[in-house]
Structures are given as C-alpha cells and as structure tokens.
>>> print(open('structure00.cif').read())   # mmCIF, C-alpha atoms
data_upload
loop_
_atom_site.label_atom_id
_atom_site.label_comp_id
_atom_site.auth_asym_id
_atom_site.auth_seq_id
_atom_site.Cartn_x
_atom_site.Cartn_y
_atom_site.Cartn_z
CA MET B 1 -20.35 -27.51 -46.37
CA LYS B 2 -21.96 -26.35 -43.16
CA ALA B 3 -19.44 -28.32 -41.17
CA ASN B 4 -16.62 -26.53 -42.99
CA VAL B 5 -18.12 -23.11 -42.25
CA TYR B 6 -18.50 -24.08 -38.60
CA ASP B 7 -14.90 -25.23 -38.39
CA GLU B 8 -13.62 -22.03 -40.01
CA GLY B 9 -15.64 -19.88 -37.64
CA GLN B 10 -14.39 -21.88 -34.68
CA ALA B 11 -10.80 -21.47 -35.84
CA LEU B 12 -11.27 -17.71 -36.13
CA GLY B 13 -12.65 -17.51 -32.61
CA VAL B 14 -16.17 -16.52 -33.72
CA PRO B 15 -18.89 -17.52 -31.20
CA GLN B 16 -20.65 -20.55 -32.68
CA PRO B 17 -24.34 -21.40 -32.26
CA THR B 18 -25.34 -24.36 -30.13
CA ARG B 19 -28.04 -26.85 -31.15
CA SER B 20 -30.63 -24.51 -29.67
CA GLY B 21 -29.50 -21.80 -32.07
CA LYS B 22 -28.00 -19.58 -29.34
CA PRO B 23 -24.32 -18.59 -29.37
CA ALA B 24 -22.17 -20.80 -27.19
CA PRO B 25 -20.95 -19.01 -24.05
CA GLN B 26 -17.33 -17.95 -24.13
CA LYS B 27 -14.98 -18.73 -21.25
CA ALA B 28 -14.41 -15.67 -19.10
CA LYS B 29 -10.87 -14.38 -18.83
CA ALA B 30 -11.62 -12.15 -15.83
CA PRO B 31 -10.90 -14.82 -13.17
CA ALA B 32 -7.40 -15.36 -14.59
CA ARG B 33 -6.72 -11.62 -14.56
CA SER B 34 -8.09 -11.40 -11.03
CA ARG B 35 -5.78 -14.18 -9.83
CA LEU B 36 -2.83 -12.46 -11.47
CA ALA B 37 -3.69 -9.19 -9.73
CA GLU B 38 -3.97 -10.99 -6.38
CA TRP B 39 -0.55 -12.61 -6.76
CA LEU B 40 0.97 -9.27 -7.78
CA VAL B 41 -0.36 -7.85 -4.50
CA VAL B 42 1.15 -10.77 -2.58
CA ALA B 43 4.49 -10.27 -4.34
CA GLY B 44 4.42 -6.53 -3.63
CA LEU B 45 3.79 -7.09 0.06
CA LEU B 46 6.62 -9.62 0.26
CA VAL B 47 8.98 -7.18 -1.48
CA LEU B 48 7.93 -4.44 0.98
CA SER B 49 8.82 -6.82 3.80
CA VAL B 50 12.35 -7.48 2.53
CA ILE B 51 14.08 -4.54 4.26
CA PRO B 52 12.66 -5.14 7.78
CA LEU B 53 13.15 -8.91 7.39
CA ALA B 54 16.78 -8.40 6.43
CA GLY B 55 17.28 -5.98 9.30
CA GLY B 56 15.71 -8.42 11.74
CA ALA B 57 17.86 -11.30 10.49
CA PHE B 58 20.97 -9.16 10.93
CA ARG B 59 19.92 -8.26 14.49
CA LEU B 60 19.30 -11.91 15.38
CA LYS B 61 22.69 -12.84 13.99
CA GLN B 62 24.27 -10.19 16.23
CA LEU B 63 22.47 -11.46 19.31
CA THR B 64 23.16 -15.16 18.71
CA GLY B 65 26.62 -14.81 17.19
CA GLY B 66 28.32 -12.89 19.97
CA ALA B 67 28.77 -9.61 18.11
CA GLU B 68 30.61 -6.71 19.70
CA ILE B 69 28.45 -4.72 22.10
CA THR B 70 28.21 -1.06 21.08
CA PRO B 71 26.13 1.90 22.33
CA ALA B 72 23.75 1.28 19.41
CA ASN B 73 22.94 -2.34 20.32
CA ALA B 74 23.70 -2.52 24.06
CA ARG B 75 20.02 -2.32 24.99
CA PHE B 76 19.28 -5.46 22.97
CA PHE B 77 22.06 -7.47 24.62
CA ALA B 78 20.88 -6.34 28.04
CA ALA B 79 17.37 -7.77 27.40
CA PRO B 80 17.36 -9.84 24.19
CA LEU B 81 14.05 -11.75 24.60
CA PRO B 82 11.66 -8.89 23.66
CA VAL B 83 13.53 -8.00 20.47
CA GLU B 84 13.93 -11.67 19.51
CA LEU B 85 10.19 -12.26 19.94
CA HIS B 86 9.49 -9.09 17.99
CA ILE B 87 11.69 -10.07 15.05
CA VAL B 88 10.47 -13.67 14.75
CA SER B 89 6.78 -12.82 15.16
CA ALA B 90 7.00 -9.81 12.81
CA SER B 91 8.68 -11.95 10.13
CA LEU B 92 5.96 -14.62 10.31
CA PHE B 93 3.25 -11.95 10.43
CA ALA B 94 4.56 -10.20 7.30
CA ILE B 95 5.05 -13.37 5.24
CA LEU B 96 1.91 -15.30 6.20
CA GLY B 97 -0.23 -12.17 6.09
CA ALA B 98 0.76 -11.44 2.50
CA PHE B 99 -0.71 -14.75 1.27
CA GLN B 100 -4.05 -14.02 2.95
CA PHE B 101 -4.63 -11.34 0.31
CA SER B 102 -5.14 -14.01 -2.37
CA SER B 103 -8.80 -15.05 -2.22
CA SER B 104 -8.21 -17.81 -4.78
CA PHE B 105 -5.48 -19.28 -2.58
CA ARG B 106 -7.77 -19.08 0.46
CA ARG B 107 -10.55 -20.88 -1.39
CA ARG B 108 -8.25 -23.66 -2.61
CA ARG B 109 -6.69 -24.18 0.82
CA PRO B 110 -9.28 -23.33 3.49
CA GLY B 111 -7.49 -25.43 6.08
CA TRP B 112 -4.28 -23.50 5.51
CA HIS B 113 -6.19 -20.23 5.76
CA ARG B 114 -7.65 -21.14 9.15
CA ALA B 115 -4.34 -22.41 10.57
CA ALA B 116 -2.40 -19.43 9.24
CA GLY B 117 -5.09 -17.08 10.57
CA ARG B 118 -4.71 -18.43 14.10
CA LEU B 119 -0.93 -18.06 13.87
CA LEU B 120 -1.31 -14.55 12.47
CA VAL B 121 -3.40 -13.49 15.47
CA LEU B 122 -0.76 -14.82 17.86
CA CYS B 123 2.14 -13.28 15.93
CA GLY B 124 0.36 -9.95 15.55
CA LEU B 125 -0.28 -9.71 19.28
CA LEU B 126 3.35 -10.63 20.02
CA VAL B 127 4.52 -7.93 17.58
CA GLY B 128 2.32 -5.33 19.23
CA PHE B 129 3.06 -6.17 22.85
CA SER B 130 6.82 -6.65 22.33
CA GLY B 131 6.93 -3.33 20.46
CA LEU B 132 5.19 -1.59 23.36
CA TRP B 133 7.57 -3.21 25.85
CA MET B 134 10.66 -2.09 23.91
CA THR B 135 9.29 1.45 23.60
CA LEU B 136 8.59 1.70 27.31
CA PHE B 137 11.63 -0.04 28.78
CA TYR B 138 14.50 0.13 26.30
CA PRO B 139 16.62 3.31 26.39
CA HIS B 140 15.88 5.61 23.45
CA PRO B 141 18.37 5.14 20.60
CA VAL B 142 20.16 8.20 19.27
CA GLY B 143 17.84 10.19 17.01
CA ASP B 144 14.62 9.00 18.65
CA GLY B 145 12.68 11.19 21.04
CA ASP B 146 9.53 11.32 23.10
CA PHE B 147 7.35 12.20 20.10
CA LEU B 148 8.42 9.09 18.18
CA SER B 149 7.92 7.00 21.33
CA ALA B 150 4.39 8.37 21.61
CA LEU B 151 3.72 7.42 17.98
CA ARG B 152 5.05 3.91 18.58
CA LEU B 153 2.79 3.51 21.59
CA LEU B 154 -0.19 4.84 19.62
CA PHE B 155 0.22 2.64 16.55
CA GLY B 156 1.35 -0.39 18.55
CA SER B 157 -1.79 -0.15 20.66
CA ALA B 158 -3.89 0.36 17.51
CA MET B 159 -2.41 -2.81 16.01
CA ILE B 160 -3.31 -4.85 19.09
CA VAL B 161 -6.85 -3.44 19.17
CA SER B 162 -7.31 -4.14 15.44
CA ILE B 163 -6.29 -7.78 15.80
CA VAL B 164 -8.48 -8.30 18.87
CA LEU B 165 -11.47 -6.76 17.07
CA SER B 166 -10.75 -8.91 14.01
CA PHE B 167 -10.70 -12.08 16.12
CA ALA B 168 -13.89 -11.06 17.94
CA ALA B 169 -15.61 -10.38 14.59
CA ILE B 170 -14.83 -13.80 13.14
CA ARG B 171 -15.93 -15.55 16.34
CA ARG B 172 -19.40 -14.07 15.83
CA GLY B 173 -19.37 -14.83 12.09
CA ASP B 174 -18.83 -11.29 10.76
CA VAL B 175 -16.38 -12.00 7.91
CA LYS B 176 -16.51 -8.45 6.51
CA LYS B 177 -15.41 -6.80 9.76
CA HIS B 178 -12.92 -9.58 10.44
CA ARG B 179 -11.13 -8.90 7.14
CA ALA B 180 -11.29 -5.13 7.56
CA TRP B 181 -9.77 -5.11 11.05
CA MET B 182 -7.16 -7.71 10.18
CA MET B 183 -6.15 -5.65 7.16
CA ARG B 184 -5.70 -2.57 9.37
CA GLY B 185 -3.59 -4.56 11.82
CA TYR B 186 -1.48 -5.94 8.99
CA ALA B 187 -1.01 -2.44 7.55
CA ILE B 188 0.37 -1.21 10.87
CA GLY B 189 2.55 -4.30 11.27
CA LEU B 190 4.04 -3.75 7.81
CA GLY B 191 4.84 -0.13 8.65
CA ALA B 192 8.56 -0.82 9.00
CA GLY B 193 8.85 -1.55 5.26
CA THR B 194 7.14 1.69 4.25
CA GLN B 195 9.08 3.65 6.87
CA ALA B 196 12.38 2.49 5.39
CA LEU B 197 11.33 3.82 1.98
CA VAL B 198 9.95 7.08 3.41
CA LEU B 199 13.10 7.71 5.47
CA MET B 200 15.27 6.97 2.45
CA ALA B 201 13.29 9.38 0.27
CA GLY B 202 13.30 12.06 2.97
CA GLU B 203 17.06 11.84 3.42
CA MET B 204 17.63 12.04 -0.33
CA ILE B 205 15.46 15.16 -0.57
CA ALA B 206 16.26 17.07 2.63
CA GLY B 207 19.36 15.41 4.08
CA LYS B 208 19.73 13.66 7.42
CA PRO B 209 16.48 14.07 9.37
CA SER B 210 16.28 15.80 12.74
CA GLU B 211 14.62 14.16 15.73
CA LEU B 212 11.29 15.77 14.84
CA SER B 213 11.43 15.14 11.09
CA ARG B 214 12.43 11.51 11.71
CA ALA B 215 9.38 11.05 13.93
CA LEU B 216 7.14 12.67 11.31
CA LEU B 217 8.55 10.45 8.54
CA MET B 218 8.10 7.34 10.66
CA GLY B 219 4.53 8.37 11.42
CA ALA B 220 3.96 8.96 7.71
CA GLY B 221 4.89 5.34 7.01
CA TRP B 222 2.11 4.07 9.26
CA VAL B 223 -0.39 6.61 7.93
CA ILE B 224 0.36 5.69 4.30
CA ASN B 225 -0.21 2.00 5.00
CA LEU B 226 -3.45 2.65 6.85
CA ALA B 227 -4.70 4.97 4.10
CA VAL B 228 -4.07 2.28 1.47
CA ALA B 229 -5.76 -0.33 3.68
CA GLU B 230 -8.85 1.86 4.12
CA TRP B 231 -9.04 2.44 0.38
CA VAL B 232 -8.90 -1.31 -0.28
CA ILE B 233 -11.46 -2.05 2.45
CA ARG B 234 -13.97 0.42 1.00
CA LYS B 235 -13.30 -0.66 -2.59
CA ARG B 236 -13.67 -4.42 -2.10
CA PRO B 237 -17.13 -5.97 -2.46
CA ALA B 238 -18.66 -7.48 0.65
CA PRO B 239 -17.89 -11.21 1.02
CA PRO B 240 -20.79 -13.69 1.00
CA ALA B 241 -22.29 -14.53 4.36
CA ARG B 242 -20.51 -17.42 6.05
CA ARG B 243 -20.78 -19.15 9.39
CA ALA B 244 -17.98 -18.46 11.84
CA SER B 245 -17.33 -22.19 12.20
CA ALA B 246 -16.52 -22.36 8.49
CA VAL B 247 -13.67 -19.92 9.04
CA VAL B 248 -12.27 -20.56 12.49
CA SER B 249 -13.11 -24.20 13.21
#
>>> encode(input="structure00.cif", output="structure tokens")
Amino acid sequence: MKANVYDEGQALGVPQPTRSGKPAPQKAKAPARSRLAEWLVVAGLLVLSVIPLAGGAFRLKQLTGGAEITPANARFFAAPLPVELHIVSASLFAILGAFQFSSSFRRRRPGWHRAAGRLLVLCGLLVGFSGLWMTLFYPHPVGDGDFLSALRLLFGSAMIVSIVLSFAAIRRGDVKKHRAWMMRGYAIGLGAGTQALVLMAGEMIAGKPSELSRALLMGAGWVINLAVAEWVIRKRPAPPARRASAVVS
C-alpha cells in the first residue's frame, strides 16, 4: 500500500521523502532558463549584425567584381585594402564576439573560447585602426562632415583602448575587468548595426537627416550600445577567481 502511495505521489510530481525521511531534492530548472536567455542574447547580437554584414558583403563584391566606379565608391577603389580589412575583420568580430556571451558555451568549449578570444583581439584592433585610417585619409562621403569624423575618431580610439585594456587585464588574471573592457569594445564595434536602425527610425520620423542630425544619430548608435553594455557589466555577478593561464594559455 505504501508503495502505491509513493508511486502516485511521484506521478503527481510531489516531492517524495528519501530513506532519511527528508524530501528528495528537485532538479533546478534555472540553468535551462539561463542557457535559453544566453542563446537569445547571442541570436539578438547576430541579428543586429545582419545589416552591416550584408553591406560589407555588397562592398566586397563591388571591389572584387569590377563594379562601375562612381563618386560614392571611388575612394574605395582608389585604396581598397583598408576597407577590405575593415569589412573582413568587422564581420569576424561581430560573429565570434556574439558567441562569447554564452557562458555555458564557454565552459563546454574552453579551448574554443581561448582561440576565438585571441582572434577577437586581432580583429578588433584591425577594425579600430582601419576605421581610423579611413576617417583620416578617405575623402568625406556626401552627407558626412567634420563632426561625424570627430565622432568616428573618438569611438574608434575608444574601441582600440578598450581591447588593449581587456587584453592587459586577462594577462594579469583579472577576468572581471577583461570581460568588462571586451564588452565595451564589442559594443562600439557593433555600433554599425544600431546606427542603421537609429538612422532608419530618424528618417521615418523627421525625414532625410541633415549633416548635423546624421552625425548625432550615428553618435546615438554608439552611445546606446555602450549604455547597454555598462548596464550588463554592472548587473552581472563577478566571475570566480581564475588564473590568467587558464584563460589565455
């Protein structure tokens, strides 16, 4: 009879006592929900990268396929290497960086995390330096002005500094600062995706932007990303202490 009662309670999902008389522990569902939330973040970042990735692929096709040279793209044909480096490195940076936001994926594949991290540092620096080069030496496209160029120099430099500080932090074993600075650098690097949405919304609301309003909207894209990154950095619990060799070796 007792066995029947036990079986019925087990079928109904009622916590059953163990031999010691204490209720058996129930399996936690939180880790599954946490993993789902992480992968939703990864998916969202990849979706945000779609517009700049598509634009970069189109630009590469123009440069390698012998497209007609126009006033809008003449500067790229005159010096294609910087923009090609920028597109390829930015694409890798956006895609690989998105998967670093899944802690469960990092734990299951620590070797992948270390290898991808090294590549992310290289790609991030290439994105920053090639962006600075294009801002300084390419002719301004129509609609861009000195204010937007100043913003590009500011945020491009901030991206480089963030990645360098992130690398320096992990070399001395400071995982918390490493993640925080890398997240800031990634937020700046992903600015093109947010800028596309902000520019689209601004044009729908107020019409075609002027030189000043375009610069302000572009700047807003970077600021939005950095604000979200800072919120996540301050909200996340501190990671457990780890040796630097466990992360970078």
>>> atom_distance(input="structure00.cif", atom1="CA of Pro141 in chain B", atom2="CA of Gly66 in chain B")
20.6 Å
>>> closest_residue(input="structure00.cif", among="B:Leu217, B:Leu120, B:Ala192, B:Leu165", to="Phe99 in chain B", atoms="all atoms listed in the file")
B:Leu120
>>> residues_around(input="structure00.cif", residues="range 193-203 of chain B", least_positions_apart="2", cutoff="12 Å", atoms="all atoms listed in the file", output="VMD selection string")
chain B and resid 44 to 56 90 to 91 94 186 to 191 205 to 210 213 to 226 228
>>> residues_around(input="structure00.cif", residues="range 81-87 of chain B", least_positions_apart="6", cutoff="12 Å", atoms="all atoms listed in the file", output="PyMOL selection string")
chain B and resi 52-64+73+75+93-94+122-138+156+189+192
>>> residues_around(input="structure00.cif", residues="range 232-236 of chain B", least_positions_apart="2", cutoff="8 Å", atoms="only C-alpha atoms", output="list in words")
Ala180, Met183, Val228, Ala229, Glu230 and Ala238 of chain B
>>> write_last_selection(input="structure00.cif", atoms="C-alpha atoms", output="PDB file, in the frame of the given file")
ATOM      1  CA  ALA B 180     -11.290  -5.130   7.560  1.00  0.00           C
ATOM      2  CA  MET B 183      -6.150  -5.650   7.160  1.00  0.00           C
ATOM      3  CA  VAL B 228      -4.070   2.280   1.470  1.00  0.00           C
ATOM      4  CA  ALA B 229      -5.760  -0.330   3.680  1.00  0.00           C
ATOM      5  CA  GLU B 230      -8.850   1.860   4.120  1.00  0.00           C
ATOM      6  CA  ALA B 238     -18.660  -7.480   0.650  1.00  0.00           C
TER       7      ALA B 238
END
>>> atom_distance(input="structure00.cif", atom1="CA of Arg107 in chain B", atom2="CA of Trp39 in chain B")
14.0 Å
>>> atom_distance(input="structure00.cif", atom1="CA of Gly117 in chain B", atom2="CA of Ala158 in chain B")
18.8 Å
